[in-house]
Structure formats: C-alpha cells, structure tokens
Amino acid sequence: MFKKTFKGGVHPDDGKRYAKDASYRTYLPQGELVFPMSQHIGKPAKPVVKKGDMVLAGQLLGEADGFVSANIVSSCSGTVKAVENRRTASGAKVMSVVIENDGQYTLAEGIGAERDYKTLGKEEILGSIQKAGIVGMGGAGFPVHVKLAPKNADEIRYVIANGAECEPYITCDDQLMRTRSMELAEGMRILLKLFPAAEGVFLIEDNKPEAIAAMEKACAGDEKLKVHAAKCKYPQGGERSIIQVIAGIDLKLGMLPADAGCVVDNVATMYAIYQAVCKSTPLMERGFTVSGDAVKEPCNLIVKIGTNMAEVLEAAGGIRDGKEAQKLLSGGPMMGMALADLNVPICKNNNALTVLGEDPVALADQQETACLRCGRCMRVCPLGLSPQEMMDAAKRRRFVRYEKKLYGLECIACGSCTYVCPAKRPLMQTFKQTKAEIMAKKRAAQAQQGGAKK
C-alpha cells in the first residue's frame, strides 16, 4: 500500500539494531545531580533554594521566570551543594542547582497522588502541566503549557503524538510506546479535553511494528484516537513533515503548527502530561538511550533528570572491548551535539548518548572538495530551501540575503543536506553557526534600542 510522505528526506542507516529490543530499566544515579535553570526555550528559571537547603524529590528548585519559561524540580532528595554555573551538553555554562544525592529519593508531599482528569477543567489541566515543568522532550524544549494555549484553540483539528523517532540509534520512544501504551492513550485523551474539536493521532514510523501494534491496541474502541504508520524516512519527526503527512498541509515558512490546525507533541511529552495530570508527578525522569557501535551494552534507561552522562555510559557497560570512542554525541548522529566531556547533566530535552567508533565529521573533513553543483542538497531539504546558495551567502557573510532572500533562519538543522553532499561540505554546521551569529546581532540591536529608549 502506498503511504503518503513528505517532500525530500534521506535514508541513513538507522542504527536501531543496537538497542531496539533492550527493555527499559531504571538507573538510579550514584553521584551529585545537576539541575540547570535553562532546560527549555525561553527565559531561565529563577533558583528558589540555596546552599545547605534540604530538598525532596519533586520539590521546586527553580521557578519559571515568565510565561515562556518552565519550572525545574528535583529528581532526588538530598542537600543543595551549590548554586553555580555548570556546563551543559550544549557547551554553555548555565546557572544550576547542584544536589548531593542522599540515595533515598524521598518524595515531597502530594507527589504521586492519583487524580481523575475527567473531573478537571481546562485551566486545571494546563495548570498541572505548567506546575510540572513539562517541556518538549523530543529535543526542542519548548514549554508545553505555552504550546497548549494557542489563540485559535477551537480551530485545532489534529493533536499529533510524534512517535516517529527518526533520529538514528535512538530507541527510547519505541520502548515507551511498547510498554506505556495505555498511559500514552490517556495522555492523548487529556489533551483532547483542551481541544474538543480535534482528533488524536499517534504517528509512528513503520520500522516500529511492535510500537504500532501496542498503540493500536491501546486506542482500540476510541473513535477519536488513531494510529498512523508513516513511511520510514528521515526527518519524519520534524513538525512540518508530520503535518504534511497527517493534515496534508504544507506549512508555509513562518507559520506555526497551530496555524494549520495542529498541535504536535513528542510521545515522551505525552507521557509526562499523563504523569503530571493523573499522578500529580512533575517531570523528574525520562527515557534515555545509550547506543552506538562503541557501546558495550546498548540500552534504554529510565534516568533521573540531572544525572551525569558519564554515569549512564558506565550503566551501559562502558566502551566495547577493542573499540575506542572517537565521537560522543548528545542525541543522534544527524542532529546531535558533539561532546568534548561526559561530565554534563541529562536535561529534560536530552534523549540519548551515542558513542561511535569512528568520527564521521573528521572523515568528511579529509574528503571535502568544492561544491559540485549537483543539487542533491536542494532535493532532500524537507523545507525546500537552497542549502547550496545558503552556504555561499554564509561564507560571504551576506546575512541579509541569507535571512530575507534564502529564508536561512527557517532551517531546522536536520542535516539531510550534509548527509547527501558528495563534496562533504559542512552545510548544517555552517547554518547553525550562521543562525547563532544572526540571532546574536539581533539581540544586541534590541538591547541597544532598549537602552536608547531609557
């Protein structure tokens, strides 16, 4: 049967074989836990504890400092060791609360109390989600309570649970759908209370037959819930790609999913919503994959937010005998961030540690040549951009052309263009740097204007 798919995309080795059938196991951290106050898009949270304070699991550590911000809660009980800058997987130093874990994981009062979401109103549901500090857990980290309050709530036609998990090597969402399908279905029903005109759709790539079967069983008998098996193609997990497949709408540049009548959330986010609303449990832990050809025992773990990445590698048996870790990635090989050091905490939007025995970037650097003008980058771009021209504008520092004429800031950094480039040019890496530079200039200009008005 022909399956509708999005424009562009690529088919990299998915690497799922390493951890696909590794069942979840809970890992309890041994050392200190670090809680950055910025684990989300928007304004960092404001620390509400100080050195020496005793804290419980589920207790507030950082309070959202604005509408587009998110609470940070402790995932362990213990003593606040420090409130200081600590480095995160992004490489940046972020104000963080450091807790000396007592190993007891004593819960704060009220955590785990069961509630019937059917008795709750919209504001109570949104309040529970906001209080729990839930952000987009597929990688974006956007505060979910903001996404769930669009201006046109009555026009939302699809609430989509993103179970594509198209990034190579990562399998924690697959395991979540296999083992927590009933809870995910309930999480979707909770969101449909916010958008009564919508239907709930679980989008899952067809390389996950066990997850598809589990979710179909969980949704059976509910006319408002559907499971859509999508063609396996990267980056199917991108919002625009999902909306093309489910709603049949090409999201124009600058449009938001809500403008197309859609709300899209990762399945891990959906599970966190269920936990917050039905179990009075804030976001304290998440599914996490440790995989790659250099990992001794690739696995899927339930980890506490704040756990050190070096610890989870040890939980996976460390480095495979006869292998050397040439590349460490927070995330997967297409969109993940390279790590120089594993002494960084797992944050809400971190879903994997990938360890490779070869460094594909170093290999590409050795083979790089001038652009061949083949046009492959344009054909695979899911947004229909022109990476070839964007690269030229970026190298020449023609930032106005990059932003206004080529729509370079719309790039989702999926890496498809870099993957297919026969000249091995660092397209995505250049686009990330260019976007960061343009945004920094914009912020500096805004700050200068604000100072002038005062």
# chains A, B, ... in the order shown; residues from 1 in each chain; ligands from 1

call {"tool": "residues_around", "arguments": {"residues": "region 193-209 of chain A", "least_positions_apart": "6", "cutoff": "6 Å", "atoms": "only C-alpha atoms", "output": "PyMOL selection string"}}
result
chain A and resi 122+156-164+224-232

call {"tool": "residues_around", "arguments": {"residues": "region 116-121 of chain A", "least_positions_apart": "2", "cutoff": "10 Å", "atoms": "only C-alpha atoms", "output": "number ranges by chain"}}
result
A: 114, 123-127, 186-187, 189-190, 193-194, 274, 277-279

call {"tool": "write_last_selection", "arguments": {"atoms": "N, CA and C atoms", "output": "PDB file, in the first residue's frame"}}
result
ATOM      1  N   GLU A 114      -3.122  10.253  43.017  1.00  0.00           N
ATOM      2  CA  GLU A 114      -3.889   9.982  41.801  1.00  0.00           C
ATOM      3  C   GLU A 114      -5.067  10.948  41.663  1.00  0.00           C
ATOM      4  N   GLU A 123      -8.386  24.796  32.643  1.00  0.00           N
ATOM      5  CA  GLU A 123      -7.392  25.578  33.374  1.00  0.00           C
ATOM      6  C   GLU A 123      -6.650  24.728  34.402  1.00  0.00           C
ATOM      7  N   GLU A 124      -7.360  23.780  35.014  1.00  0.00           N
ATOM      8  CA  GLU A 124      -6.707  22.894  35.977  1.00  0.00           C
ATOM      9  C   GLU A 124      -5.692  21.984  35.283  1.00  0.00           C
ATOM     10  N   ILE A 125      -6.049  21.505  34.092  1.00  0.00           N
ATOM     11  CA  ILE A 125      -5.133  20.645  33.341  1.00  0.00           C
ATOM     12  C   ILE A 125      -3.894  21.429  32.928  1.00  0.00           C
ATOM     13  N   LEU A 126      -4.108  22.614  32.354  1.00  0.00           N
ATOM     14  CA  LEU A 126      -2.972  23.440  31.950  1.00  0.00           C
ATOM     15  C   LEU A 126      -2.115  23.834  33.152  1.00  0.00           C
ATOM     16  N   GLY A 127      -2.768  24.120  34.276  1.00  0.00           N
ATOM     17  CA  GLY A 127      -2.033  24.479  35.483  1.00  0.00           C
ATOM     18  C   GLY A 127      -1.163  23.340  35.978  1.00  0.00           C
ATOM     19  N   GLU A 186      -4.114   7.635  27.382  1.00  0.00           N
ATOM     20  CA  GLU A 186      -4.764   8.512  28.356  1.00  0.00           C
ATOM     21  C   GLU A 186      -4.216   9.934  28.265  1.00  0.00           C
ATOM     22  N   GLY A 187      -2.899  10.057  28.033  1.00  0.00           N
ATOM     23  CA  GLY A 187      -2.312  11.376  27.853  1.00  0.00           C
ATOM     24  C   GLY A 187      -2.930  12.103  26.675  1.00  0.00           C
ATOM     25  N   ARG A 189      -5.985  11.591  25.513  1.00  0.00           N
ATOM     26  CA  ARG A 189      -7.362  11.953  25.891  1.00  0.00           C
ATOM     27  C   ARG A 189      -7.386  13.210  26.756  1.00  0.00           C
ATOM     28  N   ILE A 190      -6.359  13.359  27.587  1.00  0.00           N
ATOM     29  CA  ILE A 190      -6.262  14.578  28.405  1.00  0.00           C
ATOM     30  C   ILE A 190      -6.149  15.804  27.497  1.00  0.00           C
ATOM     31  N   LYS A 193      -9.279  17.014  25.793  1.00  0.00           N
ATOM     32  CA  LYS A 193     -10.176  17.831  26.615  1.00  0.00           C
ATOM     33  C   LYS A 193      -9.912  19.313  26.378  1.00  0.00           C
ATOM     34  N   LEU A 194      -8.654  19.640  26.013  1.00  0.00           N
ATOM     35  CA  LEU A 194      -8.305  21.026  25.714  1.00  0.00           C
ATOM     36  C   LEU A 194      -8.728  21.424  24.311  1.00  0.00           C
ATOM     37  N   TYR A 274       0.541  12.859  31.108  1.00  0.00           N
ATOM     38  CA  TYR A 274      -0.252  11.867  31.860  1.00  0.00           C
ATOM     39  C   TYR A 274       0.216  11.803  33.307  1.00  0.00           C
ATOM     40  N   VAL A 277      -0.838  15.086  35.253  1.00  0.00           N
ATOM     41  CA  VAL A 277      -2.263  15.299  35.484  1.00  0.00           C
ATOM     42  C   VAL A 277      -2.877  14.167  36.303  1.00  0.00           C
ATOM     43  N   CYS A 278      -2.538  12.927  35.975  1.00  0.00           N
ATOM     44  CA  CYS A 278      -3.180  11.780  36.624  1.00  0.00           C
ATOM     45  C   CYS A 278      -2.440  11.288  37.864  1.00  0.00           C
ATOM     46  N   LYS A 279      -1.131  11.559  37.962  1.00  0.00           N
ATOM     47  CA  LYS A 279      -0.332  11.048  39.071  1.00  0.00           C
ATOM     48  C   LYS A 279       0.303  12.162  39.916  1.00  0.00           C
TER      49      LYS A 279
END

call {"tool": "residues_around", "arguments": {"residues": "Val355 (chain A)", "least_positions_apart": "3", "cutoff": "6 Å", "atoms": "only C-alpha atoms", "output": "PyMOL selection string"}}
result
chain A and resi 292+294+327-328

call {"tool": "write_last_selection", "arguments": {"atoms": "C-alpha atoms", "output": "compact mmCIF listing (two decimals), in the first residue's frame"}}
result
# COMPACT_ATOMS: atom_id res chain seq x y z
CA GLY A 292 26.38 3.23 19.19
CA ALA A 294 31.37 1.59 20.57
CA LYS A 327 32.76 10.51 18.74
CA LEU A 328 30.49 11.27 21.69

call {"tool": "residues_around", "arguments": {"residues": "region 45-50 of chain A", "least_positions_apart": "3", "cutoff": "9 Å", "atoms": "only C-alpha atoms", "output": "list in words"}}
result
Pro36, Met37, Ser38, Gln39, Asp53, Met54, Val55, Leu60, Leu61, Gly62, Glu63, Ala64, Asp65, Gly66, Ser69, Ala70, Asn71, Ile72, Val80, Lys81, Ala82, Val83, Met95, Ser96 and Val97 of chain A

call {"tool": "residues_around", "arguments": {"residues": "Leu342 (chain A)", "least_positions_apart": "5", "cutoff": "9 Å", "atoms": "only C-alpha atoms", "output": "MDAnalysis selection string"}}
result
chainID A and resid 89 308:311 313 328

call {"tool": "residues_around", "arguments": {"residues": "Val312 (chain A)", "least_positions_apart": "6", "cutoff": "9 Å", "atoms": "only C-alpha atoms", "output": "PDB file with N, CA, C and O atoms, in the first residue's frame"}}
result
ATOM      1  N   TYR A  27      17.695   3.432  36.099  1.00  0.00           N
ATOM      2  CA  TYR A  27      19.033   3.683  36.620  1.00  0.00           C
ATOM      3  C   TYR A  27      18.947   4.769  37.694  1.00  0.00           C
ATOM      4  O   TYR A  27      18.446   5.863  37.442  1.00  0.00           O
ATOM      5  N   PRO A  29      21.067   7.274  39.931  1.00  0.00           N
ATOM      6  CA  PRO A  29      22.410   7.861  39.926  1.00  0.00           C
ATOM      7  C   PRO A  29      23.115   7.734  41.269  1.00  0.00           C
ATOM      8  O   PRO A  29      22.480   7.720  42.325  1.00  0.00           O
ATOM      9  N   VAL A 290      21.284   4.758  25.416  1.00  0.00           N
ATOM     10  CA  VAL A 290      22.748   4.772  25.309  1.00  0.00           C
ATOM     11  C   VAL A 290      23.090   3.754  24.233  1.00  0.00           C
ATOM     12  O   VAL A 290      22.841   2.556  24.403  1.00  0.00           O
ATOM     13  N   LEU A 301      17.227   3.329  29.170  1.00  0.00           N
ATOM     14  CA  LEU A 301      17.143   3.530  30.606  1.00  0.00           C
ATOM     15  C   LEU A 301      16.040   4.521  30.962  1.00  0.00           C
ATOM     16  O   LEU A 301      15.698   5.397  30.164  1.00  0.00           O
ATOM     17  N   VAL A 303      16.000   7.411  33.380  1.00  0.00           N
ATOM     18  CA  VAL A 303      17.011   8.149  34.133  1.00  0.00           C
ATOM     19  C   VAL A 303      16.398   9.362  34.825  1.00  0.00           C
ATOM     20  O   VAL A 303      15.420   9.947  34.347  1.00  0.00           O
ATOM     21  N   GLY A 318      30.078   0.686  29.609  1.00  0.00           N
ATOM     22  CA  GLY A 318      31.247   1.424  29.138  1.00  0.00           C
ATOM     23  C   GLY A 318      31.543   1.161  27.671  1.00  0.00           C
ATOM     24  O   GLY A 318      30.655   0.802  26.884  1.00  0.00           O
ATOM     25  N   LEU A 353      22.605   9.257  24.433  1.00  0.00           N
ATOM     26  CA  LEU A 353      24.052   9.392  24.314  1.00  0.00           C
ATOM     27  C   LEU A 353      24.488   8.371  23.276  1.00  0.00           C
ATOM     28  O   LEU A 353      24.252   7.172  23.445  1.00  0.00           O
TER      29      LEU A 353
END

call {"tool": "closest_residue", "arguments": {"among": "A:Leu383, A:Leu192, A:Ala447, A:Ala394", "to": "Val263 (chain A)", "atoms": "only C-alpha atoms"}}
result
A:Leu192

call {"tool": "closest_residue", "arguments": {"among": "A:Lys131, A:Lys296, A:Arg376, A:Arg180", "to": "Gln59 (chain A)", "atoms": "only C-alpha atoms"}}
result
A:Lys131

call {"tool": "atom_distance", "arguments": {"atom1": "CA of Val400 (chain A)", "atom2": "CA of Leu427 (chain A)"}}
result
18.3 Å

call {"tool": "select_by_dssp", "arguments": {"residues": "region 189-382 of chain A", "states": "strand (DSSP E or B)", "output": "PyMOL selection string"}}
result
chain A and resi 199-205+225-230+234+262-266+285-291+295+299-304+308+319+327-330+337-338+345+352-356
